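Just input35.cif here, mmCIF, C-alpha atoms:
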```cif
data_target
loop_
_atom_site.label_atom_id
_atom_site.label_comp_id
_atom_site.auth_asym_id
_atom_site.auth_seq_id
_atom_site.Cartn_x
_atom_site.Cartn_y
_atom_site.Cartn_z
CA MET A 10 121.89 76.66 124.43
CA VAL A 11 119.52 77.29 121.53
CA ARG A 12 119.35 80.11 119.02
CA ARG A 13 116.18 82.12 119.45
CA ALA A 14 114.71 85.49 118.57
CA ILE A 15 114.69 87.95 121.44
CA VAL A 16 112.84 91.26 121.69
CA ASP A 17 114.15 94.59 122.90
CA ARG A 18 111.04 95.91 124.64
CA ARG A 19 112.34 99.47 124.56
CA LYS A 20 112.27 99.34 120.76
CA CYS A 21 109.21 97.14 120.08
CA ALA A 22 106.24 99.09 118.73
CA TYR A 23 103.97 96.01 119.10
CA CYS A 24 102.77 96.04 115.50
CA GLY A 25 102.58 92.28 114.90
CA ALA A 26 104.72 92.22 111.75
CA CYS A 27 106.86 89.44 113.27
CA ILE A 28 103.78 87.29 113.88
CA ALA A 29 102.67 87.59 110.26
CA VAL A 30 105.90 85.96 109.03
CA CYS A 31 106.46 83.29 111.70
CA ASN A 32 105.99 79.80 110.26
CA LEU A 33 106.11 78.12 113.67
CA ASN A 34 103.48 80.06 115.57
CA ALA A 35 106.28 80.89 117.97
CA ASN A 36 105.15 84.39 118.90
CA GLU A 37 102.07 86.14 120.19
CA LEU A 38 101.15 89.76 120.76
CA ILE A 39 99.29 90.13 124.03
CA GLU A 40 98.01 93.69 123.73
CA THR A 41 101.33 95.50 123.60
CA PHE A 42 103.44 92.67 124.96
CA LEU A 43 105.26 90.43 122.49
CA GLU A 44 105.91 86.90 123.69
CA ILE A 45 108.30 84.55 121.91
CA ASN A 46 107.93 80.91 122.91
CA GLU A 47 110.08 77.78 122.84
CA LYS A 48 108.86 76.84 119.36
CA CYS A 49 111.21 79.50 117.93
CA ASN A 50 114.05 77.90 115.96
CA GLY A 51 116.03 81.08 115.34
CA CYS A 52 115.27 81.25 111.62
CA GLY A 53 115.51 85.04 111.73
CA LEU A 54 112.61 85.89 109.41
CA CYS A 55 110.98 88.06 112.08
CA VAL A 56 114.29 89.86 112.68
CA LYS A 57 114.39 90.87 109.00
CA THR A 58 110.73 91.94 109.03
CA CYS A 59 110.64 94.04 112.21
CA PRO A 60 110.20 97.71 111.18
CA MET A 61 111.76 98.93 114.41
CA GLY A 62 114.84 96.72 114.52
CA ALA A 63 113.61 95.47 117.88
CA LEU A 64 114.33 91.78 117.29
CA SER A 65 117.63 89.96 117.20
CA LEU A 66 118.92 86.41 117.49
CA ALA A 67 120.69 85.23 120.59
CA GLU A 68 121.88 82.03 122.24
CA VAL A 69 119.57 81.47 125.18
CA MET B 14 74.86 79.94 121.14
CA PHE B 15 75.95 82.73 118.79
CA ASP B 16 75.20 82.75 115.08
CA LEU B 17 78.52 84.46 114.44
CA VAL B 18 81.71 85.31 116.31
CA VAL B 19 83.89 87.98 114.66
CA VAL B 20 87.52 88.18 115.78
CA GLY B 21 89.04 91.65 115.36
CA ALA B 22 87.29 95.03 115.56
CA GLY B 23 89.06 96.82 112.71
CA PRO B 24 87.11 98.06 109.68
CA ALA B 25 86.62 94.51 108.28
CA GLY B 26 85.43 92.95 111.54
CA SER B 27 83.16 95.79 112.62
CA MET B 28 81.60 95.99 109.15
CA ALA B 29 80.94 92.22 109.19
CA ALA B 30 79.43 92.42 112.68
CA LYS B 31 77.31 95.44 111.79
CA THR B 32 76.01 93.97 108.53
CA SER B 33 75.10 90.60 110.03
CA ALA B 34 73.58 92.09 113.19
CA GLU B 35 71.39 94.34 111.05
CA LYS B 36 70.14 91.17 109.36
CA GLY B 37 69.11 89.86 112.76
CA LEU B 38 72.01 87.57 113.59
CA ASN B 39 73.16 87.00 117.15
CA VAL B 40 76.72 88.34 116.86
CA LEU B 41 79.75 88.60 119.13
CA LEU B 42 82.58 90.96 118.15
CA VAL B 43 85.86 90.25 119.95
CA GLU B 44 88.83 92.66 120.10
CA LYS B 45 92.09 91.72 121.82
CA ARG B 46 93.05 95.29 122.62
CA GLN B 47 91.49 97.27 125.43
CA GLU B 48 90.91 100.20 123.10
CA ILE B 49 89.50 99.84 119.61
CA GLY B 50 91.45 101.77 116.99
CA THR B 51 94.75 102.06 118.85
CA PRO B 52 97.57 101.68 118.28
CA VAL B 53 97.00 102.81 114.71
CA ARG B 54 98.87 100.75 112.15
CA CYS B 55 97.92 102.63 109.03
CA ALA B 56 98.71 105.60 106.78
CA GLU B 57 94.94 106.33 106.90
CA GLY B 58 94.39 107.23 103.23
CA ILE B 59 91.29 106.12 101.33
CA SER B 60 89.44 107.27 98.22
CA LYS B 61 86.26 109.17 98.87
CA GLU B 62 84.22 106.92 96.63
CA SER B 63 85.22 103.61 98.21
CA LEU B 64 84.46 104.94 101.68
CA ARG B 65 81.03 106.29 100.67
CA ARG B 66 79.97 102.86 99.38
CA PHE B 67 79.82 101.46 102.89
CA VAL B 68 79.78 104.25 105.45
CA GLU B 69 77.98 107.53 105.88
CA ILE B 70 80.68 110.16 106.03
CA ASP B 71 81.09 111.89 109.36
CA LYS B 72 83.52 114.82 109.63
CA LYS B 73 84.49 113.63 113.12
CA TRP B 74 86.84 111.02 111.66
CA ILE B 75 87.99 112.84 108.54
CA ALA B 76 91.40 114.38 109.28
CA SER B 77 91.72 115.97 105.85
CA GLU B 78 90.60 115.88 102.25
CA VAL B 79 92.89 115.93 99.22
CA ILE B 80 92.36 116.74 95.55
CA GLY B 81 95.16 114.63 94.13
CA ALA B 82 98.48 112.88 94.50
CA LYS B 83 102.05 113.79 93.59
CA ILE B 84 104.47 111.00 92.81
CA TYR B 85 108.23 111.50 92.81
CA ALA B 86 110.81 109.46 90.91
CA PRO B 87 114.22 108.90 92.50
CA ASP B 88 115.66 111.97 90.69
CA GLY B 89 112.78 114.15 91.91
CA THR B 90 110.74 114.13 88.68
CA GLU B 91 107.18 114.94 89.66
CA VAL B 92 104.04 113.26 88.31
CA VAL B 93 100.80 114.94 89.37
CA MET B 94 97.42 113.22 89.46
CA ALA B 95 94.49 115.47 90.16
CA GLU B 96 90.82 115.90 89.47
CA GLU B 97 90.03 118.55 86.87
CA ILE B 98 87.43 120.33 88.93
CA ALA B 99 89.01 122.11 91.82
CA GLY B 100 87.38 121.56 95.17
CA ASN B 101 86.28 118.08 94.21
CA GLU B 102 88.24 116.15 96.82
CA VAL B 103 89.04 112.63 95.75
CA GLY B 104 90.73 111.33 98.83
CA PHE B 105 90.35 111.33 102.56
CA VAL B 106 92.93 110.93 105.26
CA LEU B 107 91.10 109.38 108.17
CA GLU B 108 91.48 109.59 111.91
CA ARG B 109 91.48 105.82 112.40
CA LYS B 110 91.32 106.05 116.18
CA ILE B 111 87.90 107.66 115.84
CA PHE B 112 86.81 105.87 112.65
CA ASP B 113 87.38 102.35 114.03
CA ARG B 114 85.48 103.17 117.21
CA HIS B 115 82.65 104.64 115.19
CA LEU B 116 82.32 101.42 113.16
CA ALA B 117 82.43 99.25 116.29
CA ARG B 118 79.72 101.42 117.80
CA LEU B 119 77.58 100.98 114.69
CA ALA B 120 78.00 97.22 115.09
CA ALA B 121 76.98 97.46 118.75
CA LYS B 122 74.03 99.67 117.86
CA ALA B 123 72.91 97.10 115.32
CA GLY B 124 72.79 94.58 118.14
CA ALA B 125 76.20 92.92 118.21
CA GLU B 126 77.81 92.06 121.56
CA VAL B 127 81.28 93.56 121.86
CA PHE B 128 84.07 92.19 124.09
CA VAL B 129 87.29 94.20 124.27
CA LYS B 130 90.59 93.17 125.89
CA THR B 131 89.54 89.68 124.87
CA THR B 132 91.76 87.34 122.87
CA ALA B 133 90.48 84.46 120.74
CA LEU B 134 92.91 81.65 121.55
CA GLY B 135 91.56 79.07 119.14
CA PHE B 136 88.57 77.02 118.14
CA GLU B 137 87.36 73.47 118.09
CA ARG B 138 84.80 71.89 115.80
CA THR B 139 81.64 70.45 117.32
CA HIS B 140 78.85 68.45 115.69
CA ASN B 141 76.89 71.58 114.81
CA GLY B 142 79.42 74.41 114.71
CA LEU B 143 82.43 75.70 116.58
CA LYS B 144 83.59 76.27 120.13
CA VAL B 145 85.75 79.40 120.29
CA LYS B 146 88.14 79.69 123.21
CA LEU B 147 88.40 83.22 124.61
CA ARG B 148 90.64 84.83 127.23
CA ARG B 149 90.03 88.05 129.11
CA LEU B 150 91.98 89.31 132.12
CA GLY B 151 93.52 85.87 132.51
CA GLU B 152 90.17 84.09 132.57
CA GLU B 153 89.52 81.54 129.84
CA TRP B 154 86.15 80.34 128.63
CA GLU B 155 84.41 79.04 125.52
CA VAL B 156 81.51 80.26 123.43
CA GLU B 157 79.61 78.23 120.87
CA THR B 158 78.88 79.61 117.44
CA LYS B 159 77.66 78.54 114.03
CA LEU B 160 80.08 80.79 112.15
CA LEU B 161 83.44 82.42 112.77
CA ILE B 162 84.89 85.39 110.90
CA GLY B 163 88.63 86.04 111.21
CA ALA B 164 89.23 89.76 110.78
CA ASP B 165 92.30 89.58 112.98
CA GLY B 166 94.70 91.47 110.77
CA VAL B 167 98.00 90.73 109.13
CA GLU B 168 98.97 88.46 112.02
CA SER B 169 95.76 86.43 111.69
CA LYS B 170 95.78 83.31 113.79
CA ILE B 171 92.29 82.23 112.78
CA GLY B 172 93.28 81.97 109.10
CA ARG B 173 96.33 79.88 109.85
CA MET B 174 94.63 77.70 112.44
CA ALA B 175 91.84 77.03 109.94
CA GLY B 176 94.40 76.21 107.25
CA ILE B 177 92.99 78.87 104.89
CA ILE B 178 96.14 80.94 104.48
CA LYS B 179 99.86 80.33 104.45
CA THR B 180 102.31 82.47 106.38
CA LEU B 181 103.61 85.43 104.36
CA LYS B 182 107.06 85.20 102.78
CA MET B 183 109.59 88.03 103.04
CA SER B 184 108.60 89.13 99.53
CA GLU B 185 104.87 89.19 100.37
CA ILE B 186 104.85 91.72 103.19
CA GLU B 187 105.73 95.40 103.50
CA SER B 188 107.44 96.36 106.72
CA CYS B 189 106.29 99.88 107.59
CA ALA B 190 107.27 102.72 109.91
CA GLN B 191 105.53 106.08 110.21
CA TYR B 192 105.63 109.25 112.24
CA LEU B 193 102.78 111.63 112.80
CA MET B 194 104.61 114.93 112.33
CA THR B 195 103.43 118.42 113.07
CA GLY B 196 104.62 121.90 112.17
CA LEU B 197 105.14 120.89 108.54
CA ASP B 198 105.33 123.23 105.60
CA ILE B 199 103.41 121.32 102.90
CA ASP B 200 100.56 121.86 100.46
CA GLU B 201 97.83 119.93 102.25
CA ASN B 202 95.75 119.45 99.10
CA TYR B 203 97.85 116.48 97.98
CA THR B 204 99.16 113.15 99.14
CA TYR B 205 102.82 112.50 98.26
CA PHE B 206 104.54 109.30 97.17
CA TYR B 207 108.32 108.86 96.80
CA LEU B 208 109.83 106.00 94.82
CA GLY B 209 113.36 104.59 94.62
CA ASN B 210 115.31 101.42 95.20
CA GLU B 211 117.76 103.19 97.49
CA LEU B 212 115.09 105.25 99.23
CA ALA B 213 112.53 102.48 99.89
CA PRO B 214 113.51 99.09 98.43
CA GLY B 215 110.40 97.29 97.21
CA GLY B 216 108.10 99.97 98.60
CA TYR B 217 107.70 103.73 98.80
CA ALA B 218 107.69 106.62 101.21
CA TRP B 219 104.58 108.74 101.74
CA ILE B 220 103.31 111.98 103.21
CA PHE B 221 99.57 112.06 103.93
CA PRO B 222 98.36 115.41 105.31
CA LYS B 223 96.18 115.30 108.40
CA GLY B 224 95.31 118.97 108.62
CA ASP B 225 96.68 121.83 110.71
CA ARG B 226 100.23 121.42 109.32
CA SER B 227 100.45 117.80 110.43
CA ALA B 228 100.87 114.64 108.35
CA ASN B 229 101.58 110.93 108.42
CA VAL B 230 105.14 110.60 107.14
CA GLY B 231 105.96 106.98 106.55
CA ILE B 232 107.71 104.31 104.57
CA GLY B 233 107.22 100.69 103.57
CA VAL B 234 110.03 98.34 102.51
CA LEU B 235 110.12 94.74 101.35
CA PRO B 236 112.10 92.66 103.91
CA SER B 237 113.40 90.33 101.18
CA ILE B 238 115.48 93.15 99.68
CA ALA B 239 115.72 95.77 102.45
CA LYS B 240 119.12 96.17 104.06
CA MET B 241 117.97 97.72 107.32
CA PRO B 242 114.78 98.16 109.38
CA ALA B 243 111.99 100.35 107.95
CA LYS B 244 112.51 102.92 110.72
CA CYS B 245 116.09 103.55 109.53
CA TYR B 246 114.87 104.11 105.96
CA LEU B 247 112.24 106.50 107.30
CA ASP B 248 114.79 108.55 109.26
CA ARG B 249 117.02 108.69 106.18
CA PHE B 250 114.09 109.79 103.98
CA ILE B 251 113.14 112.61 106.36
CA GLU B 252 116.73 113.80 106.51
CA LYS B 253 117.23 113.58 102.75
CA LEU B 254 114.07 115.54 102.00
CA GLY B 255 114.82 118.02 104.74
CA ILE B 256 111.39 117.55 106.29
CA LYS B 257 111.18 119.89 109.25
CA GLY B 258 108.61 119.07 111.85
CA LYS B 259 108.12 117.52 115.25
CA ILE B 260 107.30 113.87 115.74
CA VAL B 261 104.25 113.50 117.94
CA GLU B 262 103.49 109.82 117.32
CA PHE B 263 105.28 106.62 116.32
CA VAL B 264 103.54 104.01 114.17
CA ALA B 265 104.79 100.61 113.03
CA GLY B 266 103.07 97.92 111.06
CA ALA B 267 103.06 95.42 108.26
CA VAL B 268 100.95 95.15 105.13
CA PRO B 269 100.37 91.99 103.08
CA VAL B 270 101.29 92.47 99.40
CA TYR B 271 100.29 88.96 98.42
CA GLY B 272 97.70 89.42 95.70
CA GLU B 273 94.52 87.38 95.51
CA ILE B 274 94.22 84.27 97.70
CA GLU B 275 92.38 81.35 96.16
CA THR B 276 89.77 81.16 98.89
CA ALA B 277 89.02 82.98 102.13
CA VAL B 278 86.68 80.31 103.52
CA THR B 279 86.47 76.84 104.95
CA ASP B 280 83.62 75.08 106.76
CA ASN B 281 82.05 77.56 109.24
CA ILE B 282 84.86 80.11 108.78
CA MET B 283 85.45 83.23 106.65
CA LEU B 284 88.38 85.68 106.57
CA CYS B 285 88.18 89.41 105.84
CA GLY B 286 90.58 92.31 105.36
CA ASP B 287 94.31 92.02 106.06
CA ALA B 288 93.68 88.55 107.54
CA ALA B 289 92.72 87.45 104.00
CA TYR B 290 95.60 89.48 102.47
CA HIS B 291 93.01 91.82 100.97
CA SER B 292 95.30 94.87 100.99
CA ASP B 293 96.41 96.26 97.64
CA PRO B 294 99.82 94.92 96.52
CA ILE B 295 100.80 98.24 94.89
CA THR B 296 99.46 100.93 97.17
CA GLY B 297 99.26 98.91 100.39
CA GLY B 298 95.82 100.46 100.91
CA GLY B 299 93.58 98.14 102.88
CA ILE B 300 90.60 100.01 104.33
CA ALA B 301 88.40 100.01 101.22
CA ASN B 302 88.77 96.29 100.56
CA ALA B 303 88.39 95.51 104.26
CA LEU B 304 85.05 97.34 104.37
CA SER B 305 83.84 95.55 101.24
CA ALA B 306 84.98 92.14 102.47
CA GLY B 307 83.39 92.70 105.89
CA TYR B 308 80.14 93.80 104.32
CA HIS B 309 79.98 90.79 101.99
CA ALA B 310 80.99 88.31 104.69
CA GLY B 311 78.26 89.74 106.92
CA LEU B 312 75.70 89.27 104.17
CA VAL B 313 76.75 85.70 103.44
CA ALA B 314 76.73 84.93 107.18
CA SER B 315 73.08 85.98 107.37
CA GLU B 316 72.24 83.91 104.29
CA ALA B 317 74.03 80.90 105.77
CA VAL B 318 72.07 81.20 109.00
CA ALA B 319 68.79 81.53 107.08
CA LYS B 320 69.61 78.38 105.08
CA ASN B 321 71.24 76.66 108.08
CA ASP B 322 74.15 75.78 105.79
CA PHE B 323 77.67 76.56 107.05
CA SER B 324 79.55 74.34 104.63
CA VAL B 325 82.54 75.53 102.65
CA ARG B 326 80.43 75.05 99.55
CA PHE B 327 77.85 77.56 100.72
CA LEU B 328 80.41 80.03 102.09
CA ARG B 329 82.12 80.16 98.69
CA ARG B 330 79.38 82.62 97.89
CA TYR B 331 81.47 85.07 99.94
CA ASP B 332 84.53 84.28 97.80
CA GLU B 333 82.50 85.04 94.71
CA LEU B 334 81.37 88.39 96.10
CA TRP B 335 84.72 89.76 97.27
CA LYS B 336 86.48 88.45 94.18
CA ALA B 337 83.90 90.09 91.93
CA ASP B 338 84.40 93.34 93.79
CA PHE B 339 88.18 93.60 94.08
CA GLY B 340 89.80 90.20 93.38
CA GLY B 341 90.71 91.14 89.82
CA LYS B 342 92.33 94.33 91.02
CA LEU B 343 94.43 92.42 93.57
CA ARG B 344 95.56 90.05 90.82
CA ARG B 345 96.42 92.81 88.38
CA ASN B 346 98.18 94.97 90.96
CA LYS B 347 100.25 92.02 92.16
CA LYS B 348 101.54 91.56 88.63
CA LEU B 349 102.21 95.29 88.36
CA GLN B 350 104.05 95.22 91.69
CA GLU B 351 106.28 92.42 90.39
CA PHE B 352 106.87 94.43 87.22
CA PHE B 353 107.79 97.61 89.10
CA LEU B 354 110.10 95.67 91.42
CA LYS B 355 112.32 94.85 88.44
CA LEU B 356 112.83 98.50 87.47
CA ASP B 357 116.07 100.19 88.51
CA ASP B 358 116.19 103.86 89.47
CA PRO B 359 117.29 105.20 86.03
CA THR B 360 114.33 103.37 84.44
CA LEU B 361 111.94 104.77 87.05
CA ASN B 362 113.32 108.25 86.31
CA SER B 363 112.85 107.94 82.57
CA LEU B 364 109.35 106.53 82.95
CA ALA B 365 108.43 109.40 85.25
CA ARG B 366 109.92 111.93 82.82
CA SER B 367 107.89 110.41 79.99
CA ILE B 368 104.63 111.30 81.75
CA ALA B 369 105.65 114.32 83.83
CA GLY B 370 103.42 117.26 83.01
CA LYS B 371 100.74 115.08 81.41
CA LYS B 372 97.21 115.52 82.62
CA ILE B 373 96.26 112.55 84.76
CA GLU B 374 92.80 113.31 85.96
CA GLU B 375 92.07 110.25 87.99
CA MET B 376 93.84 109.25 91.18
CA SER B 377 94.45 105.57 90.56
CA VAL B 378 97.16 103.08 89.71
CA GLN B 379 95.28 102.31 86.51
CA ALA B 380 95.40 105.94 85.38
CA ILE B 381 99.19 105.98 85.78
CA VAL B 382 99.58 102.74 83.84
CA VAL B 383 97.37 104.02 81.01
CA GLU B 384 99.46 107.19 80.78
CA LEU B 385 102.71 105.17 80.86
CA LEU B 386 101.48 103.05 77.96
CA ARG B 387 100.34 106.08 75.99
CA SER B 388 103.73 107.71 76.34
CA ASN B 389 105.83 104.52 75.98
CA PRO B 390 104.30 102.31 73.30
CA SER B 391 107.23 99.91 73.67
CA LEU B 392 105.85 98.94 77.08
CA ILE B 393 102.69 97.53 75.55
CA GLU B 394 104.40 94.24 74.83
CA LEU B 395 105.55 93.99 78.47
CA PHE B 396 102.20 94.97 79.89
CA LYS B 397 100.19 92.76 77.58
CA ASP B 398 100.00 89.75 79.83
CA LEU B 399 99.79 91.97 82.91
CA LEU B 400 96.56 93.52 81.80
CA SER B 401 94.94 90.53 80.20
#
```

Take the structure in this file and express it as structure tokens.
Amino acid sequence: MVRRAIVDRRKCAYCGACIAVCNLNANELIETFLEINEKCNGCGLCVKTCPMGALSLAEV
Amino acid sequence: MFDLVVVGAGPAGSMAAKTSAEKGLNVLLVEKRQEIGTPVRCAEGISKESLRRFVEIDKKWIASEVIGAKIYAPDGTEVVMAEEIAGNEVGFVLERKIFDRHLARLAAKAGAEVFVKTTALGFERTHNGLKVKLRRLGEEWEVETKLLIGADGVESKIGRMAGIIKTLKMSEIESCAQYLMTGLDIDENYTYFYLGNELAPGGYAWIFPKGDRSANVGIGVLPSIAKMPAKCYLDRFIEKLGIKGKIVEFVAGAVPVYGEIETAVTDNIMLCGDAAYHSDPITGGGIANALSAGYHAGLVASEAVAKNDFSVRFLRRYDELWKADFGGKLRRNKKLQEFFLKLDDPTLNSLARSIAGKKIEEMSVQAIVVELLRSNPSLIELFKDLLS
């Protein structure tokens, strides 16, 4: 189990704010589809930045 | 082999592609979305003058024109900025969906190739330039180019891959939410700004009219001090102000409030617009600087090709140009932003009261600061090093 950011696709407005603050290059916006990869260390910066409250941390 | 590959078809990228293609360069403009200009991530306001410098105005993408701005302190104190001569509109609210496409079309018309729904995955250096890896509809391939411009927005990958910029900290980015609302009862001659640490910590709320009783109603907050997502602050703002209207569009986004970066170039690579943190740290406005940066990067690209010199030393010419145009303003407004961040709501109220009713005839941050100093001589000491 690792702590990672997860996205609620029903809330995501695919704006890219989370990508701007990720130090690990752990996310990518493919058109309107946000992908979070295994580089994510669960630091939570993107969670704090998301204007929609669409990101959260979870044990995955 | 291309002379130039531009990543991102926003105002910065399209302006760079247009300018360099007009100078005869072999240009490729790449946009990751299938539609240029959507989804909009912008409040769409720009001063008339800064738009005119680079683009011929076309009513098709002007949603509305305004004659001034009204700023509200937390206690509701109103500060009005307006041009003396009525009818002399100072600001535009754009229709970015149409504006961005228009600019991309101008780039295409000037001779640039345009690929949409195409992502730039990365680049590799070769002996005489760069290989840029592209992906479209799952297919990956490479193109060779002498120069690369990253105009790929606040989430720029080019800038970080090239080692030009550092990732933004929580105190260097505004997290923004906005609704396009319709059926509003507002005076459409003004843009409106609402300040307050409770209302919008580290940012402000705005209403930008878009004509026919509609407007962009939005908010930006600083994640380092915000206690909830921007959307929650926006809903609270709309409720508190009693704004009655129907939401017909949702917009989210982020704006760099970094100030001036030291350099926007490295060997073979230049950054423009939000990708180079060119947005204004006080207003969050980014279109004007993006157009200027794109224009200047396009010019320097054509000079570099003519001289066959793509070194960082040569490309610093672009740094000189954008810094001469708006670098000083980014520096000054970053200091002002840091100053305003320290003010609590009672101080904001008293500052607003000190200049409420005064004639401020220019719609700019500078005009407000000048009026604040005039009415509060004690601030001069504080502002001294800000304005030096």

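Environment of (97.1, 106.6, 103.2): residues at most 8 Å away, judged by all atoms listed in the file, are Cys55, Ala56, Glu57, Gly58, Ile59, Val106, Thr204, Trp219, Phe221 and Gly298 of chain B.
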
> Do you know which residues the PyMOL selection byres ((chain B) within 10 of (chain A)) returns on this file, as a PyMOL selection string?
Replying inline: chain B and resi 44-48+52-54+130-132+166-170+173-174+179-183+185-191+232-247+263-269+288

I need the chosen residues saved as a PDB file, in the coordinates of the input, with C-alpha atoms.
```
ATOM      1  CA  GLU B  44      88.830  92.660 120.100  1.00  0.00           C
ATOM      2  CA  LYS B  45      92.090  91.720 121.820  1.00  0.00           C
ATOM      3  CA  ARG B  46      93.050  95.290 122.620  1.00  0.00           C
ATOM      4  CA  GLN B  47      91.490  97.270 125.430  1.00  0.00           C
ATOM      5  CA  GLU B  48      90.910 100.200 123.100  1.00  0.00           C
ATOM      6  CA  PRO B  52      97.570 101.680 118.280  1.00  0.00           C
ATOM      7  CA  VAL B  53      97.000 102.810 114.710  1.00  0.00           C
ATOM      8  CA  ARG B  54      98.870 100.750 112.150  1.00  0.00           C
ATOM      9  CA  LYS B 130      90.590  93.170 125.890  1.00  0.00           C
ATOM     10  CA  THR B 131      89.540  89.680 124.870  1.00  0.00           C
ATOM     11  CA  THR B 132      91.760  87.340 122.870  1.00  0.00           C
ATOM     12  CA  GLY B 166      94.700  91.470 110.770  1.00  0.00           C
ATOM     13  CA  VAL B 167      98.000  90.730 109.130  1.00  0.00           C
ATOM     14  CA  GLU B 168      98.970  88.460 112.020  1.00  0.00           C
ATOM     15  CA  SER B 169      95.760  86.430 111.690  1.00  0.00           C
ATOM     16  CA  LYS B 170      95.780  83.310 113.790  1.00  0.00           C
ATOM     17  CA  ARG B 173      96.330  79.880 109.850  1.00  0.00           C
ATOM     18  CA  MET B 174      94.630  77.700 112.440  1.00  0.00           C
ATOM     19  CA  LYS B 179      99.860  80.330 104.450  1.00  0.00           C
ATOM     20  CA  THR B 180     102.310  82.470 106.380  1.00  0.00           C
ATOM     21  CA  LEU B 181     103.610  85.430 104.360  1.00  0.00           C
ATOM     22  CA  LYS B 182     107.060  85.200 102.780  1.00  0.00           C
ATOM     23  CA  MET B 183     109.590  88.030 103.040  1.00  0.00           C
ATOM     24  CA  GLU B 185     104.870  89.190 100.370  1.00  0.00           C
ATOM     25  CA  ILE B 186     104.850  91.720 103.190  1.00  0.00           C
ATOM     26  CA  GLU B 187     105.730  95.400 103.500  1.00  0.00           C
ATOM     27  CA  SER B 188     107.440  96.360 106.720  1.00  0.00           C
ATOM     28  CA  CYS B 189     106.290  99.880 107.590  1.00  0.00           C
ATOM     29  CA  ALA B 190     107.270 102.720 109.910  1.00  0.00           C
ATOM     30  CA  GLN B 191     105.530 106.080 110.210  1.00  0.00           C
ATOM     31  CA  ILE B 232     107.710 104.310 104.570  1.00  0.00           C
ATOM     32  CA  GLY B 233     107.220 100.690 103.570  1.00  0.00           C
ATOM     33  CA  VAL B 234     110.030  98.340 102.510  1.00  0.00           C
ATOM     34  CA  LEU B 235     110.120  94.740 101.350  1.00  0.00           C
ATOM     35  CA  PRO B 236     112.100  92.660 103.910  1.00  0.00           C
ATOM     36  CA  SER B 237     113.400  90.330 101.180  1.00  0.00           C
ATOM     37  CA  ILE B 238     115.480  93.150  99.680  1.00  0.00           C
ATOM     38  CA  ALA B 239     115.720  95.770 102.450  1.00  0.00           C
ATOM     39  CA  LYS B 240     119.120  96.170 104.060  1.00  0.00           C
ATOM     40  CA  MET B 241     117.970  97.720 107.320  1.00  0.00           C
ATOM     41  CA  PRO B 242     114.780  98.160 109.380  1.00  0.00           C
ATOM     42  CA  ALA B 243     111.990 100.350 107.950  1.00  0.00           C
ATOM     43  CA  LYS B 244     112.510 102.920 110.720  1.00  0.00           C
ATOM     44  CA  CYS B 245     116.090 103.550 109.530  1.00  0.00           C
ATOM     45  CA  TYR B 246     114.870 104.110 105.960  1.00  0.00           C
ATOM     46  CA  LEU B 247     112.240 106.500 107.300  1.00  0.00           C
ATOM     47  CA  PHE B 263     105.280 106.620 116.320  1.00  0.00           C
ATOM     48  CA  VAL B 264     103.540 104.010 114.170  1.00  0.00           C
ATOM     49  CA  ALA B 265     104.790 100.610 113.030  1.00  0.00           C
ATOM     50  CA  GLY B 266     103.070  97.920 111.060  1.00  0.00           C
ATOM     51  CA  ALA B 267     103.060  95.420 108.260  1.00  0.00           C
ATOM     52  CA  VAL B 268     100.950  95.150 105.130  1.00  0.00           C
ATOM     53  CA  PRO B 269     100.370  91.990 103.080  1.00  0.00           C
ATOM     54  CA  ALA B 288      93.680  88.550 107.540  1.00  0.00           C
TER      55      ALA B 288
END
```

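In terms of minimum interatomic distance to A:Val16, A:Leu64 ranks closest within A:Phe42, A:Val69, A:Cys49, A:Leu64, counting all atoms listed in the file.
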
>> Take the PyMOL selection byres ((chain B and resi 306) around 7), run it mentally on this structure, and tell me the resulting residues as a PyMOL selection string.
In response: chain B and resi 25+285-286+302-305+307-310+335

Write the selection just made, keeping C-alpha atoms, as a compact mmCIF listing (two decimals), in the coordinates of the input?
```
# COMPACT_ATOMS: atom_id res chain seq x y z
CA ALA B 25 86.62 94.51 108.28
CA CYS B 285 88.18 89.41 105.84
CA GLY B 286 90.58 92.31 105.36
CA ASN B 302 88.77 96.29 100.56
CA ALA B 303 88.39 95.51 104.26
CA LEU B 304 85.05 97.34 104.37
CA SER B 305 83.84 95.55 101.24
CA GLY B 307 83.39 92.70 105.89
CA TYR B 308 80.14 93.80 104.32
CA HIS B 309 79.98 90.79 101.99
CA ALA B 310 80.99 88.31 104.69
CA TRP B 335 84.72 89.76 97.27
```

>> As a check of understanding, name the residues that the PyMOL selection byres ((chain B and resi 348) around 10) selects in the supplied structure, as a ChimeraX atom specification.
In response: /B:272,294-295,342-347,349-354,396,398-400

> Expressed in Å to a single decimal, how great is the separation between atom CA of B:Leu143 and atom CA of B:Ser315?
Replying inline: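 Interatomic distance here is 16.7 Å.
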
> When you draw a straight line from atom CA of B:Lys253 to atom CA of B:Val93, how long is it in Å?
Replying inline: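 Atom-to-atom, atom CA of B:Lys253 and atom CA of B:Val93 are spaced 21.2 Å apart.
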
>> Excluding B:Ser377 and its own-chain neighbours fewer than 3 positions away, which residues fall within 10 Å of it when counting all atoms listed in the file? Please give them as a VMD selection string.
In response: chain B and resid 60 81 to 82 94 to 95 296 373 to 374 380 to 382

> Near B:Asp113, counting only C-alpha atoms, which residues have an atom at most 7 Å away, once you skip same-chain residues fewer than 3 positions from it, shown as an NGL selection string?
Replying inline: :B and (23-24 or 49-50 or 109-110 or 116-117)

Quick one: stretch 377-381 of chain B from the block, C-alpha atoms, as a compact mmCIF listing (two decimals), in the first residue's frame.
```
# COMPACT_ATOMS: atom_id res chain seq x y z
CA SER B 377 -4.03 50.31 -13.74
CA VAL B 378 -2.42 48.96 -10.60
CA GLN B 379 0.03 51.85 -10.77
CA ALA B 380 -2.77 54.43 -10.68
CA ILE B 381 -4.17 52.87 -7.50
```
